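In what follows, a single structure is set out as structure tokens and then discussed.
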Amino acid sequence: MMSSSSSNRPVWNQPESTYPQTGLKVFNSLTKSKVPFVPREGNNVSWYGCGPTVYDAAHMGHACNYVTFDIIRRIMEDYIGYDMSVVMNITDVDDKIILRARQKYLLKQYQDDASLSPEQVVDDVTAAFNEFVNKHFKDFVESRIGKKVATSEDWKEFVAAVDQGKDAVFVASDEKTPMRYCAASTAFWALSVARLHLSEGKARPDEMLMLTNSAEDIMSPWLDRQHGAEVTDQRIFRDLAAFWEKDFFEDMDALNVRRPHVLTRVSEFMDEIVQFVQCIIDNGYAYEVDGSVYFDVGAFDGKNDHFYTKLEPNSKGNSRLLADGEGSLTKEELNKRSLSDFALWKLSKPGEPRWSSPWGEGRPGWHIECSVMASEILGAQIDVHVGGIDLAFPHHDNELCQSEAHFENHQWVNYFMHAGHLNIEGLKMSKSLKNFITIKEALKKYSARQIRTLFLLSQWNKPLFFDAKSMEEAIVVEKSLSNFFANTTALLREFRLRQSESDARRHTLAPELDLLEALKDAKSQVHSALLDSFDTPTAMRAIQEIVSRTNTYLQRGRDNIDLQIVQTVVEYVSRIMHVFGMSNESSALGWGLSTASSDGQGAADCESILLPVAQVLSDFCDVVHELALSGGNKQALLKLCDKIRDSDLPELGIIIDDHGDGRALVKIADPEEIRRDRERQEAEIAQQLLTKQCEAQKAEEKRQGRLAKGKQSPEEMFCTPEMLELYSAWDERGIPTKDKAGEELTKNKVKKLTKDYDAQKKLHDKYLESLNT
């Protein structure tokens, strides 16, 4: 079966299979629509995901991408039941890695150079500063101050000319301008302090270290331009990539993201990349120039029914995106046949890693790596390719054309899925703009489950906002589920302990039947939603509704509910939460409890779990014993009970809820989540108190202002020197009746002055009252 869209888009071939299908539809970026999902080989699904370029800490934009596709993968594996083959790459050879590794290495070498005097360091940072400013703010430097920045006074003049960096035209000139201005300002003030101390003879080596650290963003590229070509040890590049790869997977584990079945690294596939590129050359779709190999877009597009930019045809020829795709170390080559042609293999310049090839020593272009590694593991055609929407052009479009050029086929990928942008404060989260929050920073404030809840409540292929408001909504939903699991699992635990023989009464009555019907509806809604392109927001609403219905049912009280039916609901909700990656154990009710010890080295033993609880109870018994011997202070005993219930046990993950029937309910929860909730509540209380204090202070200031104004008696208010310049006659109360020229004031004017007099009299009376209190 064939599917196609408008004439400016290529034909998309709907996969066919005799194997029974699940009814799943997915939004396919290749068609910009929802289409039936049909794997090529029965129930087996081949899946390739673009991994990170490992040169820095992973941020929440990465979390959005990898958690989103982890949810989709889990739905396909654990709910629908596909047999998945998941491959992900690690980009460990890239312009960003080369630059970062080189710059870090050179800055460290510079800082460790004991032969550099403080004067030399200040001179070098000054040179780097001037070069940075005159390069990145060139147009504004020339137009606003008419000269290059060469002195401190020049910079101050420029700062004033751009309104301390807030000038609207200046800010809008480039998306990186605010970041660069901040870097320059930080470096300038560090330089100012260093110069002052140098002039006073107080400069110390540690101050020079602080200076170069403060000026790192301008000093590192300056050093790289001078000495980058001298870096020859390839371990410098490998070590940086290895460090951040390890850090990335630590973040993924913390977010409960499943590892891929196969992990590939660019550095491990050099021979395969060279062979792949050679095949593209042999097929007539690439050419070599001076040791580099470029994909020939003109030769490919339209030949043998090939189509370039299947994903983003409107971006075709976008010079900015094309340049970004080639990398910051790759200047526009004049000998390329077309601006749209892109590098498959780059001739390595001095200071860059290199591997042998028929075209000379070099390294792969960015796009070729995914084509090669995905094809090596999954074959000439792939069911699913996933990644962030920012990679659609040119990266994914280039992947498609070079792969189809290699295999001479027309559909290397059947289903392309792109996660939406993550926005912070209304802007796309971007590491290059330093507009990002690292995953580790986010996890200090929110739990992994709360972050995952945010993604579940959002449509996976739409933009998502990461801010306090959206997180608060996610926290409310996650908290409602946590309370539901805590209450129901505690009731079920108690039920199993106290379960007795039948009481000869029917327990499945109208309320129970209604709850079972509600569960049936929830299952149907969740199923339909997940098959409708993984519509988790609708599925979560259905889960919230059955949770709410069950909570209402539980309000009937312990003796009037059927806990077998409650367990059925809890088991279903638990299963869906496990499918979504919200819980740790598939067999557990609720979230489940991790069995890892605090150091992560293995299963926690019974002693480490039970001993803290036993210690709390032992301390409680000791104090009760002392109270009994001292005569039994009732208030002290109640206070002790409150302490163990409200403080000691919650720190261990045990919550005791008092119920109206006089029987407490014991619940188990994550101590870390209890701590977060307590801190959030304390912060809210503190904020409320602060708000009240501010309001009270404002009210007092307003009252004091009125009292101060009321010091003047109404009889005196029109007799001041200023008033004598305006008026020449007054009545018995001191209200003016004639202007300075002796003319009678109008009735309206006298009326207004009388009104002012009465208002002042009220203020003065209150002032007099305050003196007597």
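All residue names refer to the structure tokens as shown: chains lettered A, B, ... in order, residues numbered from 1 in each chain, ligands numbered from 1 in order.
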Pick out the residues sitting within 7 Å of Phe132 in chain A, and hand them over as a PyMOL selection string; count only C-alpha atoms, and ignore anything fewer than 4 positions along from it in its own chain. chain A and resi 128+136+218
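The residue set within 7 Å of range 461-478 of chain A, counting only C-alpha atoms and dropping same-chain residues fewer than 5 places from it, reads His418, Ala419, Gly420, His421, Leu422, Asn423, Ile424, Glu425, Gln450, Thr453 and Leu454 of chain A.
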Mind checking which residues fall within 10 Å of Trp345 in chain A, counting only C-alpha atoms, ignoring those fewer than 5 positions away in the same chain, and posting them as a PyMOL selection string? chain A and resi 273-274+277+288+291-295+357+359-368
How would you write, as JSON, numbers by chain, the set of residues in range 102-269 of chain A that DSSP gives as helix (DSSP H, G or I)? {"A": [102, 103, 104, 105, 106, 107, 108, 109, 110, 111, 118, 119, 120, 121, 122, 123, 124, 125, 126, 127, 128, 129, 130, 131, 132, 133, 134, 135, 136, 138, 139, 140, 141, 142, 143, 144, 152, 153, 154, 155, 156, 157, 158, 159, 160, 161, 168, 169, 170, 171, 172, 177, 178, 179, 180, 181, 182, 183, 184, 185, 186, 187, 188, 189, 190, 191, 192, 193, 194, 195, 196, 197, 198, 199, 205, 206, 207, 208, 209, 210, 211, 212, 213, 214, 216, 217, 218, 219, 220, 221, 222, 223, 224, 225, 226, 227, 228, 229, 230, 235, 236, 237, 238, 239, 240, 241, 242, 243, 244, 245, 246, 247, 248, 249, 250, 251, 252, 253, 254, 266, 267, 268]}
Generate a file of the selected residues that holds C-alpha atoms, formatted as a CSV table (one decimal), in the first residue's frame.
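Contents of the output file again_16.csv:
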chain,number,residue,atom,x,y,z
A,102,ARG,CA,41.5,21.1,23.5
A,103,GLN,CA,40.4,24.2,25.4
A,104,LYS,CA,40.2,22.5,28.7
A,105,TYR,CA,43.6,21.0,28.2
A,106,LEU,CA,45.2,24.3,27.1
A,107,LEU,CA,43.7,26.3,29.9
A,108,LYS,CA,44.9,23.8,32.5
A,109,GLN,CA,48.4,23.8,31.0
A,110,TYR,CA,48.4,27.6,31.1
A,111,GLN,CA,47.2,27.7,34.8
A,118,PRO,CA,51.0,37.9,37.4
A,119,GLU,CA,51.7,40.8,35.0
A,120,GLN,CA,51.9,38.3,32.0
A,121,VAL,CA,48.6,36.7,33.0
A,122,VAL,CA,46.8,40.1,33.3
A,123,ASP,CA,48.3,41.1,29.9
A,124,ASP,CA,47.1,37.8,28.3
A,125,VAL,CA,43.6,38.0,29.7
A,126,THR,CA,43.4,41.6,28.6
A,127,ALA,CA,44.4,40.6,25.0
A,128,ALA,CA,41.9,37.8,25.0
A,129,PHE,CA,39.2,40.1,26.3
A,130,ASN,CA,39.8,42.8,23.7
A,131,GLU,CA,39.9,40.2,20.9
A,132,PHE,CA,36.6,38.6,22.2
A,133,VAL,CA,34.8,41.9,22.4
A,134,ASN,CA,36.0,43.3,19.1
A,135,LYS,CA,35.1,40.1,17.3
A,136,HIS,CA,31.6,39.3,18.8
A,138,LYS,CA,32.2,44.3,16.1
A,139,ASP,CA,29.2,46.1,14.5
A,140,PHE,CA,28.1,47.7,17.8
A,141,VAL,CA,31.6,48.7,18.9
A,142,GLU,CA,32.2,50.5,15.6
A,143,SER,CA,28.7,52.2,15.4
A,144,ARG,CA,28.3,53.1,19.1
A,152,SER,CA,39.1,49.8,30.3
A,153,GLU,CA,37.6,53.2,29.5
A,154,ASP,CA,36.7,52.0,26.0
A,155,TRP,CA,34.8,49.0,27.5
A,156,LYS,CA,33.0,51.3,30.0
A,157,GLU,CA,32.0,53.6,27.2
A,158,PHE,CA,30.7,50.6,25.2
A,159,VAL,CA,28.8,49.3,28.2
A,160,ALA,CA,27.1,52.7,28.6
A,161,ALA,CA,26.3,52.8,24.9
A,168,ALA,CA,17.0,46.1,22.7
A,169,VAL,CA,18.7,46.3,19.3
A,170,PHE,CA,21.9,44.9,20.9
A,171,VAL,CA,20.2,42.0,22.6
A,172,ALA,CA,18.3,41.1,19.5
A,177,THR,CA,24.7,38.1,22.5
A,178,PRO,CA,23.4,38.1,26.1
A,179,MET,CA,25.6,35.1,26.9
A,180,ARG,CA,28.6,36.7,25.3
A,181,TYR,CA,28.0,40.0,27.1
A,182,CYS,CA,27.7,38.2,30.4
A,183,ALA,CA,31.1,36.4,29.7
A,184,ALA,CA,32.8,39.7,28.8
A,185,SER,CA,31.4,41.5,31.9
A,186,THR,CA,32.5,38.7,34.2
A,187,ALA,CA,36.0,38.7,32.8
A,188,PHE,CA,36.2,42.5,32.9
A,189,TRP,CA,35.4,42.8,36.6
A,190,ALA,CA,37.8,40.0,37.4
A,191,LEU,CA,40.5,41.9,35.4
A,192,SER,CA,39.7,45.1,37.2
A,193,VAL,CA,40.3,43.4,40.6
A,194,ALA,CA,43.5,41.8,39.4
A,195,ARG,CA,44.8,45.1,38.0
A,196,LEU,CA,44.1,46.9,41.3
A,197,HIS,CA,45.9,44.2,43.4
A,198,LEU,CA,48.7,44.2,40.9
A,199,SER,CA,49.1,48.0,41.2
A,205,PRO,CA,49.1,33.2,42.4
A,206,ASP,CA,45.7,32.0,43.6
A,207,GLU,CA,44.2,35.3,42.4
A,208,MET,CA,45.6,34.7,38.9
A,209,LEU,CA,43.9,31.3,39.0
A,210,MET,CA,40.6,33.0,39.9
A,211,LEU,CA,41.1,35.5,37.1
A,212,THR,CA,41.6,32.8,34.4
A,213,ASN,CA,38.7,30.8,35.8
A,214,SER,CA,36.5,33.9,35.7
A,216,GLU,CA,37.5,31.0,31.0
A,217,ASP,CA,34.9,31.7,28.3
A,218,ILE,CA,37.2,34.2,26.6
A,219,MET,CA,40.5,32.8,27.6
A,220,SER,CA,40.0,29.2,26.4
A,221,PRO,CA,39.2,30.1,22.7
A,222,TRP,CA,42.1,32.6,22.8
A,223,LEU,CA,44.5,29.9,23.9
A,224,ASP,CA,43.0,27.5,21.4
A,225,ARG,CA,43.6,29.8,18.5
A,226,GLN,CA,47.2,30.2,19.4
A,227,HIS,CA,48.1,26.6,20.5
A,228,GLY,CA,45.2,24.3,19.4
A,229,ALA,CA,47.2,23.0,16.5
A,230,GLU,CA,49.9,21.8,18.8
A,235,ARG,CA,43.8,10.5,24.6
A,236,ILE,CA,42.8,14.1,25.5
A,237,PHE,CA,39.8,13.7,23.3
A,238,ARG,CA,39.0,10.1,24.3
A,239,ASP,CA,39.2,10.9,28.0
A,240,LEU,CA,36.8,13.9,27.8
A,241,ALA,CA,34.2,11.8,25.9
A,242,ALA,CA,34.6,8.8,28.3
A,243,PHE,CA,34.1,11.0,31.3
A,244,TRP,CA,30.9,12.6,30.0
A,245,GLU,CA,29.6,9.3,28.7
A,246,LYS,CA,29.8,7.8,32.2
A,247,ASP,CA,28.1,11.0,33.6
A,248,PHE,CA,25.3,10.7,31.0
A,249,PHE,CA,24.4,7.2,31.9
A,250,GLU,CA,24.5,8.0,35.6
A,251,ASP,CA,21.8,10.6,34.8
A,252,MET,CA,19.8,8.2,32.7
A,253,ASP,CA,19.9,5.6,35.5
A,254,ALA,CA,18.7,8.2,38.0
A,266,VAL,CA,31.7,6.4,16.6
A,267,SER,CA,35.4,5.7,17.5
A,268,GLU,CA,34.7,2.0,17.2
Closest of A:Ile281, A:Leu255, A:Ile80, A:Leu99 to His406 in chain A - atom-to-atom distances counting only C-alpha atoms: A:Ile281
Looking at A:Gln687, A:Asn335, A:Thr550, A:Ser713, which one is nearest to Ala759 in chain A, with distances taken over only C-alpha atoms?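 When distances to Ala759 in chain A are compared using only C-alpha atoms, the smallest one comes from A:Ser713.
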Need the shell around Ala529 in chain A: protein/DNA/RNA residues with any atom at most 12 Å away, counting only C-alpha atoms. Skip same-chain ones fewer than 3 positions apart. Format as a list in words? Gly23, Leu24, Lys25, Val26, Ile75, Gln459, Ala522, Lys523, Ser524, Gln525, Val526, Asp532, Ser533, Phe534, Asp535, Thr536, Pro537, Thr538, Ala539, Met540, Arg541, Ala542 and Ile543 of chain A
Restricting the output to N, CA and C atoms, write the selected residues as a CSV table (one decimal), in the first residue's frame.
chain,number,residue,atom,x,y,z
A,23,GLY,N,-3.0,-2.5,15.9
A,23,GLY,CA,-3.9,-1.4,15.8
A,23,GLY,C,-3.2,-0.1,16.2
A,24,LEU,N,-1.9,-0.1,16.5
A,24,LEU,CA,-1.2,1.0,16.9
A,24,LEU,C,-1.0,2.0,15.7
A,25,LYS,N,-1.2,3.3,16.0
A,25,LYS,CA,-0.9,4.3,15.0
A,25,LYS,C,0.1,5.3,15.6
A,26,VAL,N,1.0,5.7,14.8
A,26,VAL,CA,2.1,6.6,15.3
A,26,VAL,C,2.1,7.9,14.4
A,75,ILE,N,6.0,1.4,26.4
A,75,ILE,CA,4.7,1.1,26.0
A,75,ILE,C,4.7,0.0,24.9
A,459,GLN,N,2.1,16.0,25.4
A,459,GLN,CA,2.1,15.2,24.1
A,459,GLN,C,3.5,15.1,23.7
A,522,ALA,N,-11.9,2.8,32.4
A,522,ALA,CA,-10.5,3.3,32.4
A,522,ALA,C,-9.6,2.5,31.6
A,523,LYS,N,-9.7,1.2,31.6
A,523,LYS,CA,-8.9,0.3,30.8
A,523,LYS,C,-9.1,0.6,29.3
A,524,SER,N,-10.3,0.7,29.0
A,524,SER,CA,-10.7,1.0,27.5
A,524,SER,C,-10.1,2.3,27.1
A,525,GLN,N,-10.2,3.4,27.9
A,525,GLN,CA,-9.7,4.7,27.6
A,525,GLN,C,-8.1,4.7,27.5
A,526,VAL,N,-7.5,4.0,28.4
A,526,VAL,CA,-6.0,3.9,28.4
A,526,VAL,C,-5.6,3.2,27.2
A,532,ASP,N,-3.2,5.3,20.2
A,532,ASP,CA,-3.4,6.5,19.4
A,532,ASP,C,-2.1,7.3,19.5
A,533,SER,N,-1.0,6.8,18.9
A,533,SER,CA,0.3,7.5,18.9
A,533,SER,C,0.7,7.9,20.3
A,534,PHE,N,0.6,6.9,21.2
A,534,PHE,CA,1.1,7.0,22.6
A,534,PHE,C,0.6,8.3,23.3
A,535,ASP,N,-0.7,8.4,23.3
A,535,ASP,CA,-1.3,9.6,23.9
A,535,ASP,C,-1.4,9.5,25.4
A,536,THR,N,-0.2,9.7,26.0
A,536,THR,CA,-0.1,9.6,27.5
A,536,THR,C,-0.9,10.6,28.3
A,537,PRO,N,-1.1,11.9,27.8
A,537,PRO,CA,-2.0,12.8,28.6
A,537,PRO,C,-3.4,12.2,28.8
A,538,THR,N,-4.0,11.7,27.7
A,538,THR,CA,-5.3,11.1,27.8
A,538,THR,C,-5.3,9.9,28.7
A,539,ALA,N,-4.3,9.1,28.6
A,539,ALA,CA,-4.2,7.9,29.5
A,539,ALA,C,-4.0,8.3,30.9
A,540,MET,N,-3.3,9.3,31.2
A,540,MET,CA,-3.1,9.8,32.6
A,540,MET,C,-4.4,10.3,33.2
A,541,ARG,N,-5.2,11.0,32.3
A,541,ARG,CA,-6.5,11.5,32.8
A,541,ARG,C,-7.4,10.4,33.2
A,542,ALA,N,-7.3,9.3,32.4
A,542,ALA,CA,-8.2,8.1,32.7
A,542,ALA,C,-7.7,7.5,34.0
A,543,ILE,N,-6.4,7.4,34.2
A,543,ILE,CA,-5.9,6.9,35.5
A,543,ILE,C,-6.3,7.8,36.6
Leaving out Ile655 in chain A and any residue of its chain fewer than 6 positions from it, which residues lie within 9 Å of it when counting only C-alpha atoms, given as number ranges by chain? A: 486, 645-646, 649, 665-669
The selected residues should be written to file as a short mmCIF file (atom, residue, chain, number, x, y, z; two decimals), in the first residue's frame (atoms: all heavy atoms).
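Final file, selection34.cif:
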data_model
loop_
_atom_site.label_atom_id
_atom_site.label_comp_id
_atom_site.auth_asym_id
_atom_site.auth_seq_id
_atom_site.Cartn_x
_atom_site.Cartn_y
_atom_site.Cartn_z
N ALA A 486 -0.18 4.66 48.75
CA ALA A 486 0.12 4.52 50.18
C ALA A 486 -1.11 4.07 50.96
O ALA A 486 -1.04 3.16 51.80
CB ALA A 486 0.65 5.84 50.73
N ARG A 645 5.42 9.83 65.59
CA ARG A 645 4.54 9.77 64.43
C ARG A 645 4.91 10.81 63.37
O ARG A 645 4.91 10.51 62.18
CB ARG A 645 3.09 9.98 64.88
CG ARG A 645 2.06 9.94 63.72
CD ARG A 645 0.72 10.48 64.19
NE ARG A 645 0.85 11.88 64.59
CZ ARG A 645 -0.09 12.52 65.28
NH1 ARG A 645 -1.19 11.89 65.69
NH2 ARG A 645 0.09 13.80 65.61
N ASP A 646 5.21 12.03 63.79
CA ASP A 646 5.38 13.15 62.86
C ASP A 646 6.82 13.36 62.42
O ASP A 646 7.06 14.03 61.42
CB ASP A 646 4.87 14.45 63.50
CG ASP A 646 3.40 14.38 63.85
OD1 ASP A 646 2.68 13.58 63.22
OD2 ASP A 646 2.98 15.11 64.77
N LEU A 649 9.40 8.39 62.57
CA LEU A 649 9.01 7.36 61.60
C LEU A 649 8.97 7.88 60.16
O LEU A 649 9.42 7.16 59.24
CB LEU A 649 7.67 6.73 62.00
CG LEU A 649 7.72 5.85 63.26
CD1 LEU A 649 6.34 5.33 63.61
CD2 LEU A 649 8.70 4.69 63.08
N LEU A 665 -3.79 3.97 60.25
CA LEU A 665 -3.39 3.25 59.04
C LEU A 665 -1.89 3.47 58.85
O LEU A 665 -1.41 4.60 58.79
CB LEU A 665 -4.15 3.78 57.82
CG LEU A 665 -4.00 2.99 56.52
CD1 LEU A 665 -4.60 1.60 56.69
CD2 LEU A 665 -4.70 3.72 55.38
N VAL A 666 -1.14 2.38 58.77
CA VAL A 666 0.32 2.45 58.61
C VAL A 666 0.66 2.36 57.12
O VAL A 666 0.29 1.39 56.45
CB VAL A 666 1.02 1.31 59.38
CG1 VAL A 666 2.54 1.41 59.19
CG2 VAL A 666 0.65 1.36 60.85
N LYS A 667 1.38 3.38 56.63
CA LYS A 667 1.72 3.45 55.21
C LYS A 667 3.24 3.53 55.04
O LYS A 667 3.93 4.08 55.89
CB LYS A 667 1.06 4.67 54.56
CG LYS A 667 -0.46 4.66 54.67
CD LYS A 667 -1.11 5.79 53.89
CE LYS A 667 -0.84 7.14 54.47
NZ LYS A 667 -1.61 8.21 53.81
N ILE A 668 3.70 2.98 53.93
CA ILE A 668 5.12 3.00 53.60
C ILE A 668 5.32 3.98 52.45
O ILE A 668 4.58 3.96 51.47
CB ILE A 668 5.63 1.60 53.19
CG1 ILE A 668 5.34 0.58 54.29
CG2 ILE A 668 7.12 1.66 52.87
CD1 ILE A 668 6.04 0.87 55.60
N ALA A 669 6.32 4.83 52.57
CA ALA A 669 6.61 5.82 51.52
C ALA A 669 8.11 5.99 51.40
O ALA A 669 8.89 5.51 52.23
CB ALA A 669 5.94 7.15 51.85
#
Using DSSP on the backbone coordinates, identify all residues within range 440-677 of chain A classified as strand (DSSP E); present the result as a ChimeraX atom specification. /A:464-465,654-657,665-668
Using only C-alpha atoms, the shortest atom-to-atom distance to Ile280 in chain A among A:Val570, A:Phe300, A:Arg265, A:Thr720 belongs to A:Phe300
